[in-house]
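Shown next: protein.cif, given as mmCIF, C-alpha atoms and all ligand atoms.
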```
data_work
loop_
_atom_site.label_atom_id
_atom_site.label_comp_id
_atom_site.auth_asym_id
_atom_site.auth_seq_id
_atom_site.Cartn_x
_atom_site.Cartn_y
_atom_site.Cartn_z
CA MET C 1 -24.40 1.74 10.16
CA ASP C 2 -26.97 -1.04 10.39
CA LEU C 3 -29.06 -2.52 7.59
CA ASP C 4 -32.10 -0.34 8.43
CA GLN C 5 -30.06 2.86 8.24
CA PHE C 6 -28.52 1.69 4.97
CA ALA C 7 -31.97 0.91 3.55
CA ALA C 8 -33.14 4.38 4.59
CA LEU C 9 -30.18 5.99 2.77
CA ARG C 10 -31.07 4.08 -0.39
CA THR C 11 -34.64 5.43 -0.57
CA PRO C 12 -35.32 8.48 -2.79
CA GLU C 13 -35.63 10.60 0.38
CA GLY C 14 -32.36 9.14 1.69
CA SER C 15 -30.59 10.03 -1.56
CA VAL C 16 -31.72 13.65 -1.21
CA VAL C 17 -30.50 13.72 2.39
CA LEU C 18 -27.18 12.16 1.36
CA ALA C 19 -26.72 14.83 -1.31
CA ALA C 20 -27.48 17.53 1.29
CA ALA C 21 -25.04 15.90 3.73
CA THR C 22 -22.35 15.94 1.05
CA GLU C 23 -22.78 19.70 0.72
CA VAL C 24 -22.40 20.40 4.45
CA ALA C 25 -19.86 17.70 5.40
CA GLY C 26 -16.21 18.51 6.00
CA GLY C 27 -16.71 21.36 8.44
CA ASP C 28 -17.94 21.42 12.02
CA PRO C 29 -20.03 18.23 12.51
CA LEU C 30 -22.42 19.96 14.94
CA VAL C 31 -23.11 22.72 12.43
CA ALA C 32 -23.62 20.13 9.68
CA ALA C 33 -26.04 18.11 11.82
CA ALA C 34 -27.97 21.26 12.73
CA ALA C 35 -28.18 22.21 9.03
CA LEU C 36 -29.77 18.87 8.17
CA ARG C 37 -32.15 18.94 11.13
CA SER C 38 -33.27 22.45 10.16
CA ARG C 39 -34.45 20.89 6.88
CA GLY C 40 -36.60 18.47 8.89
CA VAL C 41 -34.31 15.43 8.46
CA PRO C 42 -34.82 12.90 11.29
CA PRO C 43 -31.73 12.74 13.57
CA GLY C 44 -30.94 9.06 12.82
CA LEU C 45 -31.01 9.57 9.06
CA ALA C 46 -29.04 12.83 9.36
CA ALA C 47 -26.32 11.08 11.37
CA ALA C 48 -26.09 8.15 8.92
CA ALA C 49 -25.94 10.52 5.93
CA LEU C 50 -23.28 12.72 7.50
CA THR C 51 -21.14 9.73 8.42
CA GLN C 52 -21.44 8.44 4.87
CA ALA C 53 -20.57 11.84 3.38
CA GLU C 54 -17.54 12.15 5.67
CA LEU C 55 -16.31 8.64 4.78
CA ARG C 56 -16.67 9.42 1.08
CA ARG C 57 -14.54 12.53 1.51
CA ARG C 58 -11.86 10.46 3.24
CA ALA C 59 -12.07 7.75 0.59
CA VAL C 60 -11.12 10.03 -2.31
CA GLY C 61 -7.41 9.48 -1.61
CA LYS C 62 -7.90 5.72 -1.96
CA PHE C 63 -10.53 5.48 -4.67
CA GLY C 64 -10.47 8.81 -6.51
CA PRO C 65 -13.68 10.37 -7.82
CA GLU C 66 -15.58 7.05 -7.61
CA ALA C 67 -15.60 7.49 -3.83
CA ALA C 68 -18.43 9.99 -4.26
CA GLY C 69 -20.85 7.21 -5.21
CA MET C 70 -19.64 4.48 -2.87
CA PHE C 71 -21.17 3.18 0.36
CA LEU C 72 -18.59 2.81 3.10
CA THR C 73 -17.99 1.84 6.69
CA ARG C 74 -15.01 3.05 8.67
CA PRO C 75 -13.43 -0.42 9.16
CA GLY C 76 -14.26 -1.36 5.57
CA LEU C 77 -12.53 1.74 4.23
CA GLU C 78 -9.49 1.26 6.44
CA GLN C 79 -9.03 -2.29 5.18
CA ALA C 80 -9.85 -1.62 1.52
CA THR C 81 -7.17 -1.81 -1.15
CA ARG C 82 -6.42 1.50 -2.84
CA ARG C 83 -7.48 1.69 -6.43
CA VAL C 84 -4.07 1.84 -8.12
CA VAL C 85 -3.02 -1.35 -6.36
CA ALA C 86 -6.31 -3.16 -6.99
CA ASP C 87 -6.30 -2.18 -10.66
CA ARG C 88 -2.77 -3.42 -11.06
CA ARG C 89 -3.58 -6.77 -9.44
CA ALA C 90 -6.73 -7.12 -11.55
CA GLY C 91 -4.77 -6.36 -14.71
CA ARG C 92 -2.30 -9.09 -13.86
CA LEU C 93 -5.09 -11.60 -13.23
CA ALA C 94 -6.82 -10.72 -16.50
CA ALA C 95 -3.52 -10.95 -18.39
CA ALA C 96 -3.00 -14.44 -16.94
CA GLY C 97 -6.30 -15.52 -18.49
CA VAL C 98 -8.44 -15.48 -15.35
CA ARG C 99 -12.12 -15.18 -16.34
CA THR C 100 -13.92 -16.09 -13.10
CA LEU C 101 -12.74 -15.14 -9.64
CA ALA C 102 -13.95 -15.71 -6.09
CA ASP C 103 -13.12 -12.88 -3.68
CA LEU C 104 -13.26 -14.64 -0.33
CA GLY C 105 -13.94 -11.90 2.23
CA CYS C 106 -14.60 -9.14 -0.28
CA GLY C 107 -15.24 -6.35 2.24
CA LEU C 108 -16.61 -3.24 0.53
CA GLY C 109 -15.42 -4.65 -2.78
CA ALA C 110 -12.41 -2.53 -3.75
CA ASP C 111 -10.49 -5.50 -5.17
CA ALA C 112 -13.58 -7.15 -6.63
CA LEU C 113 -14.61 -3.94 -8.42
CA ALA C 114 -11.16 -3.64 -9.97
CA ALA C 115 -11.33 -7.24 -11.22
CA ALA C 116 -14.82 -6.63 -12.62
CA ARG C 117 -13.57 -3.48 -14.36
CA ALA C 118 -10.83 -5.66 -15.89
CA GLY C 119 -13.52 -7.89 -17.40
CA ILE C 120 -13.44 -10.71 -14.82
CA ARG C 121 -16.67 -12.24 -13.43
CA VAL C 122 -16.34 -11.91 -9.67
CA TYR C 123 -18.18 -13.85 -6.98
CA GLY C 124 -17.75 -11.98 -3.70
CA VAL C 125 -18.33 -13.67 -0.34
CA GLU C 126 -18.59 -11.52 2.78
CA ALA C 127 -19.44 -12.67 6.30
CA ASP C 128 -20.68 -9.33 7.61
CA PRO C 129 -24.24 -8.62 6.37
CA VAL C 130 -23.90 -4.81 6.32
CA THR C 131 -20.56 -4.93 4.51
CA ALA C 132 -21.98 -7.44 2.02
CA ALA C 133 -24.96 -5.16 1.30
CA LEU C 134 -22.65 -2.16 0.83
CA ALA C 135 -20.40 -4.12 -1.53
CA ALA C 136 -23.41 -5.04 -3.66
CA ALA C 137 -24.48 -1.37 -3.69
CA ASN C 138 -20.96 -0.38 -4.75
CA ALA C 139 -21.13 -2.84 -7.65
CA GLU C 140 -24.41 -1.26 -8.69
CA ALA C 141 -23.10 2.31 -8.34
CA ALA C 142 -20.12 1.42 -10.53
CA GLY C 143 -22.38 -0.13 -13.18
CA LEU C 144 -20.76 -3.51 -12.51
CA ALA C 145 -23.59 -5.42 -10.83
CA GLY C 146 -23.70 -7.82 -13.78
CA ARG C 147 -20.06 -8.77 -13.24
CA PHE C 148 -19.64 -8.56 -9.45
CA THR C 149 -22.22 -10.24 -7.22
CA VAL C 150 -21.98 -10.65 -3.47
CA GLU C 151 -23.18 -13.45 -1.26
CA CYS C 152 -23.32 -13.01 2.51
CA GLY C 153 -21.76 -16.06 4.12
CA ASP C 154 -18.67 -17.85 5.31
CA ALA C 155 -15.92 -17.83 2.71
CA THR C 156 -14.56 -21.14 3.94
CA ALA C 157 -17.77 -22.83 2.71
CA PHE C 158 -17.56 -21.41 -0.83
CA ASP C 159 -17.32 -24.03 -3.58
CA VAL C 160 -14.05 -23.01 -5.21
CA THR C 161 -14.49 -25.49 -8.06
CA ARG C 162 -16.90 -22.92 -9.57
CA VAL C 163 -14.08 -20.48 -10.42
CA ASP C 164 -10.69 -20.53 -12.06
CA ALA C 165 -9.05 -18.17 -9.54
CA VAL C 166 -9.41 -17.14 -5.92
CA PHE C 167 -8.43 -13.91 -4.23
CA CYS C 168 -8.41 -13.58 -0.46
CA ASP C 169 -7.62 -10.51 1.60
CA PRO C 170 -8.18 -11.84 5.13
CA ALA C 171 -9.31 -9.46 7.86
CA ARG C 172 -6.27 -8.34 9.83
CA ARG C 173 -8.21 -6.27 12.33
CA ARG C 174 -10.43 -7.50 15.12
CA ALA C 175 -14.12 -6.95 14.45
CA GLY C 176 -15.48 -4.51 17.03
CA THR C 177 -12.22 -3.06 18.37
CA GLY C 178 -10.55 -2.54 14.98
CA ARG C 179 -7.20 -3.47 16.56
CA ARG C 180 -4.58 -4.83 14.21
CA ILE C 181 -3.87 -8.56 14.23
CA PHE C 182 -0.20 -9.42 13.80
CA ASP C 183 -0.44 -13.19 14.13
CA PRO C 184 -1.54 -14.67 10.76
CA ASN C 185 -3.14 -17.57 12.60
CA ALA C 186 -5.66 -15.07 13.97
CA TYR C 187 -6.58 -13.72 10.50
CA SER C 188 -10.12 -14.31 9.25
CA PRO C 189 -10.53 -16.44 7.18
CA PRO C 190 -7.73 -18.30 9.03
CA TRP C 191 -4.21 -18.65 7.64
CA ASP C 192 -4.32 -22.43 7.12
CA PHE C 193 -7.49 -22.04 5.02
CA VAL C 194 -5.93 -19.17 3.07
CA THR C 195 -2.66 -20.94 2.34
CA GLY C 196 -4.48 -24.20 1.62
CA LEU C 197 -6.33 -22.54 -1.28
CA ALA C 198 -3.30 -23.01 -3.55
CA GLY C 199 -3.83 -26.77 -3.39
CA ARG C 200 -7.51 -26.44 -4.36
CA VAL C 201 -7.60 -23.77 -7.10
CA PRO C 202 -5.15 -23.30 -9.97
CA HIS C 203 -4.70 -19.52 -9.58
CA THR C 204 -4.58 -17.93 -6.13
CA VAL C 205 -3.66 -14.52 -4.77
CA VAL C 206 -3.58 -13.68 -1.08
CA LYS C 207 -3.07 -10.17 0.23
CA VAL C 208 -1.00 -10.07 3.41
CA ALA C 209 0.58 -7.49 5.70
CA PRO C 210 3.78 -6.02 4.26
CA GLY C 211 5.55 -7.11 7.44
CA VAL C 212 4.81 -10.79 6.69
CA ASP C 213 7.50 -13.14 7.95
CA HIS C 214 9.38 -14.62 4.97
CA ALA C 215 9.31 -17.98 6.76
CA LEU C 216 5.51 -18.05 6.28
CA ILE C 217 5.68 -17.68 2.50
CA PRO C 218 4.61 -21.02 1.02
CA ALA C 219 7.20 -22.81 -1.11
CA GLY C 220 6.70 -22.10 -4.79
CA ALA C 221 4.67 -18.93 -4.20
CA GLU C 222 5.66 -15.55 -5.55
CA ALA C 223 5.79 -12.91 -2.82
CA GLU C 224 5.29 -9.37 -4.04
CA TRP C 225 5.68 -6.16 -2.05
CA VAL C 226 3.97 -3.04 -3.35
CA SER C 227 4.71 0.61 -2.63
CA VAL C 228 2.75 3.61 -3.83
CA ASP C 229 4.56 6.93 -4.02
CA GLY C 230 7.15 5.66 -1.54
CA ASP C 231 4.74 4.13 1.00
CA LEU C 232 4.79 0.38 1.46
CA VAL C 233 1.13 -0.62 1.27
CA GLU C 234 0.86 -4.39 1.04
CA ALA C 235 2.32 -7.74 0.15
CA ALA C 236 0.64 -10.39 -1.98
CA LEU C 237 1.31 -14.09 -2.39
CA TRP C 238 0.69 -15.38 -5.91
CA GLY C 239 0.20 -19.13 -6.32
CA GLY C 240 0.08 -21.65 -9.14
CA PRO C 241 0.84 -20.37 -12.63
CA LEU C 242 0.52 -16.80 -11.29
CA ALA C 243 3.83 -17.28 -9.42
CA GLU C 244 6.36 -16.04 -11.97
CA VAL C 245 9.38 -15.34 -9.75
CA PRO C 246 10.19 -15.97 -6.08
CA ARG C 247 10.24 -12.28 -5.08
CA ARG C 248 9.01 -9.07 -6.69
CA ALA C 249 9.11 -5.42 -5.63
CA THR C 250 6.49 -3.33 -7.40
CA VAL C 251 6.82 0.42 -7.21
CA LEU C 252 3.78 2.39 -8.32
CA ARG C 253 3.99 6.11 -8.91
CA ALA C 254 0.59 7.67 -9.23
CA GLY C 255 0.64 10.76 -11.44
CA THR C 256 4.41 10.87 -11.92
CA ALA C 257 4.61 8.47 -14.83
CA ASP C 258 5.86 10.81 -17.49
CA ARG C 259 8.97 11.83 -15.62
CA HIS C 260 10.03 8.22 -15.04
CA ARG C 261 8.61 6.26 -17.93
CA PRO C 262 11.77 5.84 -20.00
CA ALA C 263 14.19 5.11 -17.18
CA ASP C 264 13.88 1.34 -17.05
CA GLY C 265 11.45 0.58 -19.85
CA SER C 266 8.76 -0.37 -17.33
CA PRO C 267 5.15 -0.21 -18.45
CA THR C 268 2.80 2.59 -17.69
CA CYS C 269 -0.87 1.91 -17.21
CA ARG C 270 -3.69 4.39 -17.40
CA THR C 271 -6.83 3.69 -15.47
CA ALA C 272 -10.04 5.25 -16.77
CA ASP C 273 -10.33 8.98 -16.07
CA ARG C 274 -7.11 9.00 -14.05
CA ASP C 275 -3.53 10.08 -14.36
CA PRO C 276 -1.18 7.46 -15.70
CA VAL C 277 0.42 5.25 -13.09
CA ALA C 278 4.05 4.29 -13.62
CA VAL C 279 4.76 0.67 -12.75
CA HIS C 280 8.32 -0.40 -11.96
CA GLN C 281 9.22 -3.94 -11.02
CA LEU C 282 12.33 -5.56 -9.65
CA THR C 283 12.43 -9.32 -9.36
CA GLY C 284 14.79 -11.95 -8.00
CA THR C 285 15.23 -14.85 -5.65
CA GLY C 286 15.30 -12.85 -2.43
CA ALA C 287 18.34 -14.88 -1.41
CA ALA C 288 21.18 -13.13 -3.24
CA GLU C 289 23.73 -11.14 -1.26
CA ALA C 290 25.28 -7.89 -2.45
CA THR C 291 29.05 -7.44 -2.46
CA VAL C 292 30.52 -5.43 0.41
CA GLY C 293 33.00 -2.64 -0.27
CA PRO C 294 33.97 0.86 0.88
CA VAL C 295 31.75 3.92 1.12
CA ARG C 296 31.64 5.48 -2.35
CA ARG C 297 30.57 8.86 -3.63
CA TYR C 298 26.85 8.13 -4.10
CA LEU C 299 24.54 6.47 -1.61
CA TYR C 300 21.27 4.81 -2.59
CA ASP C 301 18.57 4.33 0.01
CA PRO C 302 16.49 1.46 -1.42
CA GLY C 303 12.72 1.88 -1.18
CA PRO C 304 10.69 -0.19 1.28
CA ALA C 305 9.31 -2.65 -1.31
CA VAL C 306 12.86 -3.53 -2.40
CA VAL C 307 14.09 -3.93 1.17
CA ARG C 308 11.12 -6.01 2.31
CA ALA C 309 11.35 -8.22 -0.80
CA HIS C 310 15.04 -8.89 0.00
CA LEU C 311 16.03 -7.58 -3.43
CA VAL C 312 18.80 -5.20 -2.38
CA ALA C 313 21.40 -7.35 -4.13
CA GLU C 314 19.38 -7.25 -7.35
CA LEU C 315 19.13 -3.47 -7.08
CA ALA C 316 22.88 -3.28 -6.46
CA GLY C 317 23.37 -5.18 -9.70
CA THR C 318 21.43 -2.58 -11.68
CA LEU C 319 23.37 0.29 -10.12
CA ASP C 320 26.84 -1.22 -10.06
CA ALA C 321 26.70 -0.64 -6.32
CA THR C 322 27.98 -2.32 -3.17
CA LEU C 323 27.10 -2.37 0.53
CA ALA C 324 29.38 -0.82 3.13
CA ASP C 325 28.11 -3.15 5.84
CA PRO C 326 26.73 -6.62 5.11
CA SER C 327 23.73 -6.12 7.38
CA ILE C 328 22.67 -2.63 6.30
CA ALA C 329 20.64 -1.92 3.17
CA TYR C 330 22.39 1.25 1.98
CA LEU C 331 24.11 0.90 -1.39
CA TYR C 332 27.13 2.87 -2.59
CA ALA C 333 28.24 3.58 -6.15
CA ASP C 334 30.65 5.79 -8.08
CA ALA C 335 28.00 7.29 -10.34
CA PRO C 336 24.40 8.43 -9.84
CA ARG C 337 21.83 6.65 -11.97
CA PRO C 338 18.15 7.47 -12.02
CA THR C 339 16.20 4.63 -10.43
CA PRO C 340 12.61 4.37 -9.27
CA PHE C 341 13.73 1.89 -6.59
CA GLY C 342 15.42 4.25 -4.17
CA ARG C 343 16.71 7.70 -3.36
CA CYS C 344 20.21 8.83 -4.25
CA LEU C 345 22.44 11.14 -2.20
CA GLU C 346 25.86 12.49 -3.02
CA ILE C 347 28.12 11.92 -0.02
CA VAL C 348 30.34 14.85 0.88
CA ASP C 349 31.76 13.79 4.26
CA VAL C 350 32.18 10.51 6.10
CA LEU C 351 33.02 10.57 9.80
CA PRO C 352 32.93 8.15 12.71
CA PHE C 353 29.91 9.18 14.74
CA SER C 354 30.76 11.88 17.27
CA LEU C 355 28.24 14.55 18.21
CA LYS C 356 30.99 17.08 18.86
CA ARG C 357 32.69 16.54 15.49
CA LEU C 358 29.43 16.52 13.60
CA ARG C 359 28.26 19.72 15.27
CA ALA C 360 31.58 21.43 14.43
CA LEU C 361 31.43 20.29 10.81
CA LEU C 362 27.85 21.47 10.30
CA ARG C 363 28.64 24.80 11.93
CA GLU C 364 31.60 25.28 9.60
CA ARG C 365 29.31 24.53 6.61
CA ARG C 366 26.60 26.87 7.94
CA VAL C 367 24.05 24.07 7.89
CA GLY C 368 20.76 25.15 9.47
CA ARG C 369 18.42 22.40 8.23
CA VAL C 370 18.97 18.65 8.07
CA GLU C 371 17.01 15.66 6.95
CA ILE C 372 18.09 12.58 8.87
CA LEU C 373 18.11 9.08 7.41
CA LYS C 374 19.12 6.11 9.46
CA ARG C 375 19.67 2.40 9.19
CA GLY C 376 21.57 0.45 11.80
CA SER C 377 21.69 3.32 14.31
CA ALA C 378 19.88 3.56 17.63
CA LEU C 379 20.04 7.37 17.64
CA VAL C 380 16.74 9.24 17.75
CA PRO C 381 16.72 11.75 14.86
CA GLU C 382 14.67 14.41 16.68
CA GLN C 383 16.95 14.27 19.71
CA LEU C 384 20.03 14.50 17.49
CA ARG C 385 18.54 17.47 15.64
CA ARG C 386 18.08 19.27 18.97
CA ASP C 387 21.56 18.32 20.17
CA LEU C 388 23.15 19.68 16.99
CA ARG C 389 21.85 23.22 17.73
CA LEU C 390 21.98 24.07 14.03
CA SER C 391 22.31 27.57 12.66
CA GLY C 392 22.97 28.69 9.11
CA GLU C 393 21.30 28.99 5.75
CA ASN C 394 22.35 25.67 4.14
CA PRO C 395 20.51 22.31 4.06
CA ALA C 396 22.19 18.90 4.38
CA SER C 397 21.26 15.24 4.50
CA LEU C 398 22.67 13.21 7.40
CA VAL C 399 22.84 9.44 7.20
CA LEU C 400 23.30 7.62 10.50
CA THR C 401 24.54 4.13 9.84
CA ARG C 402 27.34 1.64 10.36
CA VAL C 403 30.27 1.06 8.07
CA ALA C 404 32.00 -2.28 8.58
CA GLY C 405 30.29 -2.40 11.98
CA ALA C 406 31.41 1.09 13.14
CA PRO C 407 28.83 3.82 13.92
CA THR C 408 29.28 6.36 11.14
CA VAL C 409 27.64 9.55 9.96
CA LEU C 410 27.59 10.52 6.29
CA VAL C 411 26.88 14.08 5.27
CA GLY C 412 25.45 14.56 1.82
CA ARG C 413 22.93 16.17 -0.46
CA PRO C 414 20.14 14.75 -2.62
CA VAL C 415 20.98 14.15 -6.26
CA ALA C 416 18.54 16.23 -8.31
CA ASP C 417 16.16 13.90 -10.14
CA GLY C 418 18.64 11.09 -9.54
CA ALA C 419 16.16 8.76 -7.98
CA GLY C 420 12.66 8.32 -6.69
CA PRO C 421 10.92 7.50 -3.46
CA GLY C 422 10.91 3.77 -4.23
C1 LIG C 501 -9.50 -7.00 4.62
S1 LIG C 501 -11.20 -7.04 4.32
C2 LIG C 501 -11.32 -7.14 2.57
C3 LIG C 501 -11.12 -5.84 1.89
C4 LIG C 501 -11.26 -5.90 0.39
N1 LIG C 501 -10.20 -6.66 -0.22
C5 LIG C 501 -11.25 -4.49 -0.21
O1 LIG C 501 -10.24 -4.08 -0.71
O2 LIG C 501 -12.30 -3.81 -0.12
C6 LIG C 501 -11.59 -8.65 4.85
C7 LIG C 501 -13.07 -8.94 4.88
O3 LIG C 501 -13.24 -10.34 5.09
C8 LIG C 501 -14.41 -10.54 5.82
N2 LIG C 501 -14.31 -11.88 6.42
C9 LIG C 501 -13.54 -12.29 7.44
N3 LIG C 501 -13.71 -13.61 7.66
C10 LIG C 501 -14.58 -14.03 6.73
C11 LIG C 501 -15.13 -15.29 6.41
N4 LIG C 501 -14.81 -16.39 7.11
N5 LIG C 501 -16.02 -15.36 5.42
C12 LIG C 501 -16.36 -14.28 4.69
N6 LIG C 501 -15.86 -13.06 4.95
C13 LIG C 501 -14.98 -12.94 5.95
C14 LIG C 501 -14.44 -9.41 6.82
O4 LIG C 501 -15.74 -9.16 7.29
C15 LIG C 501 -13.86 -8.27 5.99
O5 LIG C 501 -14.89 -7.49 5.43
#
```

Could you write out this structure as structure tokens?
Ligand SMILES: C[S@@+](CC[C@H](N)C(=O)[O-])C[C@H]1O[C@@H](n2cnc3c(N)ncnc32)[C@H](O)[C@@H]1O
Amino acid sequence: MDLDQFAALRTPEGSVVLAAATEVAGGDPLVAAAALRSRGVPPGLAAAALTQAELRRRAVGKFGPEAAGMFLTRPGLEQATRRVVADRRAGRLAAAGVRTLADLGCGLGADALAAARAGIRVYGVEADPVTAALAAANAEAAGLAGRFTVECGDATAFDVTRVDAVFCDPARRRAGTGRRIFDPNAYSPPWDFVTGLAGRVPHTVVKVAPGVDHALIPAGAEAEWVSVDGDLVEAALWGGPLAEVPRRATVLRAGTADRHRPADGSPTCRTADRDPVAVHQLTGTGAAEATVGPVRRYLYDPGPAVVRAHLVAELAGTLDATLADPSIAYLYADAPRPTPFGRCLEIVDVLPFSLKRLRALLRERRVGRVEILKRGSALVPEQLRRDLRLSGENPASLVLTRVAGAPTVLVGRPVADGAGPG
């Protein structure tokens, strides 16, 4: 979308066309386009409206019902922070006393809108003129234009002395191609600018890829990894007084709060007109090492935020668990305990890996369906599933791993309600 097409969508006629596009979107695009043209809508406006309606449909998973009123671009939506994560970050900033925030590279404004909803005055800076215009329209649509304003320009030139906190979510995709950037030095704004912010503003938060190299985490910063319903979605580096601990794993469960609320006393937050979101946090140094011992009756598969935050030893401490191999993040314990930080399986058999022996065992147990977990094994689960030639009515969980360095397969079953997706 260019600025002219966006302006056309914002006229009264454009709003009518957008409403009509919303009705016909989601099916065959050619049929939808024909339906709009049959109403006399010019082809350019019809295409822009249909694209917008389609993006709004896709955005519901990230933003919920507010997506219906937002203006979006494909790259902007792909890079935008989902609402539960943005709300959580904004709540933490507000709780730390942040009143004014610069969002340096605000994109479509998902993070900025969350901060504004939390009562923070947000100054967004966005280099791309179309994205900047859409972010401003999103502020208006949300009724937050008085608290979130957008300036089109280079974030590196923003006078950060005007605010008491800075948030930066640098672009990690190349403009034009949309290809992911893995080297932080190629982020925009660049990594040295982003990490240098901590020396210029008291409170800083930088969103980074969850695969960020621990060696790049600035000394004194808190690194937080966030998962939502089991999916690892981002990491954030908190600087200055916002850095409370060296490492944090935050597990968000959208819509499943009630079931898990009492387990660890973690808070639950409710965002306006949404299901409650359960928030579970594990913190530590990221440097502790768990004790190594034998395979025990219950296996815990720590969730991705815990593993990436290097907090497996801290999780082991809460579960009275040990590793069976110093380099593999499966934990073993004598008792199952509900935890939001990983899945729990009861182990029924432990055998050195041998396809022949495993096949015989599963045949004897009449196992016809398996889920396959693996850490520390080069085996390809789909190939193994084919090679096992399963038949029978029973399910089983197979864990391909190493125990004290030896390739091992564990056969087990999930513990009912014993754990979560982490
Ligand atoms: C990852 S996106 C931000 C997404 C946003 N946090 C959200 O959740 O909607 C990064 C944005 O930074 C913008 N950007 C990159 N370099 C910039 C710079 N030097 N100045 C201002 N904006 C920049 C890009 O155009 C892009 O829209």

Exercise for review: Can you work out which one of C:Leu3, C:Leu9, C:Cys152, C:Ala46 has the shortest atom-to-atom distance to ligand LIG 501 (chain C), counting only C-alpha atoms and all ligand atoms?
Suggested key: C:Cys152

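Counting all atoms listed in the file, the residue from C:Glu140, C:Glu13, C:Asp2, C:Asp169 that sits nearest to ligand LIG 501 (chain C) is C:Asp169.
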
**Study point:** Expected answer as an NGL selection string: residues within 6 Å of ligand LIG 501 (chain C), all atoms listed in the file
**Key:** :C and (79-81 or 104-111 or 125-128 or 153-156 or 169-171 or 188-189)

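Taking all atoms listed in the file, the non-local environment of Leu72 in chain C within 7 Å (same-chain residues fewer than 6 positions away omitted) comprises C:Gln52, C:Leu55, C:Leu108, C:Leu134.
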
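Between CA of Val399 in chain C and CA of Glu371 in chain C there is a distance of 8.5 Å.
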
Check your understanding: Which neighbours of Leu390 in chain C fall inside 12 Å, counting only C-alpha atoms, when residues of the same chain fewer than 2 positions from it are skipped, and could you give them as number ranges by chain?
Key -> C: 358-370, 384-388, 392-396

**Study point:** Selection: 10 Å around Leu345 in chain C, only C-alpha atoms, excl. self and same-chain fewer than 2 positions, as a VMD selection string
**Key:** chain C and resid 297 to 301 332 336 343 347 to 348 397 to 399 410 to 416 418 to 419
